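Heads up: the structure comes next, in structure tokens.
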Amino acid sequence: MTNKGTNLDPWYDSYADRTAGLSASEVRALFAVASRPEVVSLAGGMPFVSALPRELVTGSIDRVMSNGGGAMALQYGSGQGTPAIREHIMQIMAMEGIRGSADDVVVTTGSQQALDLVTRLFINPGDVILAESPSYVGALGVFKAYQADVEHVAMDDEGLIPEALREAIASVTSRGGRIKFLYTIPNFHNPAGVTLSWARRLEILEICRSAGILVLEDNPYGLLSFDEPAPHAMRSVDDEGVIYLGSFSKTLAPGFRVGWALAPHAIREKLILANESATLSPNSFGQFVITEYLDQADWRGQIDIFRGLYRERRDAMLSALGEYLPSLTWTRPEGGFFVWLSLPDELDSKAMLPRAVKELVAYTPGTAFYADGQGRQNIRLSFCYPTPESIRVGVARLATVINGELDLLSTFSSARLGKPIPLREGVGTPPPNIS
Ligand SMILES: Cc1ncc(COP(=O)(O)O)c(C=O)c1O
């Protein structure tokens, strides 16, 4: 049959059904504008890699290359990842209470690819994935691409709410849905910034165990705590019902694209096959350089440097929010990169974004973190990349935008009701200069 296509894309009719789930971020175009230097971006989740001393990386690369001309590092490798990096990964996970065998680790192209592989292994179109409300935008993209139905489960300041999980399971089951796994980010959640308490970890594991639901524990931020270490991983108390995902992206650098999955043995076997079919082998060069770095550099000290830096930025953001937006509410992250801000009901974070960019501040609207269109009353603010001074400037600009919107709304509603127009404190206050 001939392909009809369209003027814009002659292959329009040929794409697989699953590509219907592939949509460009609605805010991508705005982010192009937001990357201009005069805009303070509180939007992206980029780690501050400039805090990684250059010589630590170049030293590792030099040593890799001087070992036989880097012959192994430049070659294809095993679909599971090198034994050396998998041993290091076991030591890293031991810091979160995880014990197990390096044989059950599968190295992937960032933990993003591990998310893709796990979803590919388990999801038929229409299967249900339970995910926090809100959830990581990159995971939602993968779930959508595999045509999963995402059922969001409510959270509060202690993370996922066990009772809400029970209700979600009952509701999906009663309408005949098939739940394949619970996707959770227990530590310093992206985007919500909250951490799942230890008591809840145990309760949630018990709920999933008794309902026969696999847990996909995604933990890229766990070692980036600001004060107390995060509770131990869920995988530390359940090695049969949990697939654990980790990454070097936030504790070293995302450019290496090295992450991993630790899976129950039978699943690990299938993950390796899926990994081989996707990439033949994960990035050999990245694995060799990271192994050298972990062997030689003070990587724990470097993580402490990152923690101190992000703590200072978190503090700057929380104090600026308290100063400029005292009537709103937000989460208080104890690690990681993100604060989740709640707006008054009458505001719409997505509609407001172009005006914010015009005021030279960018954020991610809450709608990005839901599969079902919720999130208009929320904003994710990232404090990982901008300096503390820029964070203050960005929050001040955001306050100008929010107060301006509220003023406009009250002007219209007052005009409708024939009331005098109240003036809001702080409206129009120019943001401090960052240049
Ligand atoms: C919760 C979460 N999971 C997974 C990823 C993917 O990270 P990477 O593929 O760089 O390991 C990210 C990146 O921001 C994330 O925030």
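Letters for chains follow the order of the structure tokens (A, B, ...), residue numbers begin at 1 for each chain, and ligand numbers begin at 1 in the order shown.
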Please extract the residues of region 103-268 of chain A with a backbone DSSP assignment of alpha helix (DSSP H) and present them as a PyMOL selection string. chain A and resi 110-122+137-145+162-174+198-211+265-268
Using only C-alpha atoms and all ligand atoms, which residues of the polymer chains come no farther than 9 Å from ligand 1? I'd like the answer as a count of residues only. 42
With 12 Å as the cut-off and only C-alpha atoms counted, what is the closest atom pair between each nearby residue of region 142-233 of chain A and region 312-322 of chain A? Distances in Å to one decimal, ordered by chain and number, as a tab-separated table.
residue	atom	partner	partner_atom	distance
A:Phe188	CA	A:Arg314	CA	11.9
A:Gly193	CA	A:Arg314	CA	10.6
A:Leu224	CA	A:Arg314	CA	11.9
A:Ser225	CA	A:Arg314	CA	11.2
A:Phe226	CA	A:Arg314	CA	9.1
A:Asp227	CA	A:Glu312	CA	11.7
Which one of A:Ser410, A:Gln374, A:Thr82, A:Thr251 sits closest to Leu52 (chain A) if you count only C-alpha atoms?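 Comparing A:Ser410, A:Gln374, A:Thr82, A:Thr251 against Leu52 (chain A), the winner is A:Thr251.
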Hey, what's within 10 Å of region 289-304 of chain A if we count only C-alpha atoms and toss same-chain stuff fewer than 2 positions away? As an MDAnalysis selection string, please? chainID A and resid 51:53 56:65 73 82 84:89 92 223:226 248 250:253 256 258 284:287 306:310
Spatial neighbours of Leu271 (chain A), 9 Å, only C-alpha atoms, chain gap at least 2 places, as a count of residues only: 16
Name all residues at most 12 Å from region 169-171 of chain A (count only C-alpha atoms; drop same-chain ones fewer than 6 positions away) and give them as a list in words.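 Contacts, in chain order: Val128, Ile129, Leu130, Ala131, Glu151, His152, Val153, Pro162, Glu163, Gly177, Arg178, Ile179, Lys180, Phe181, Leu182, Ile204, Ile207, Cys208, Ser210, Ala211, Gly212 and Ile213 of chain A.
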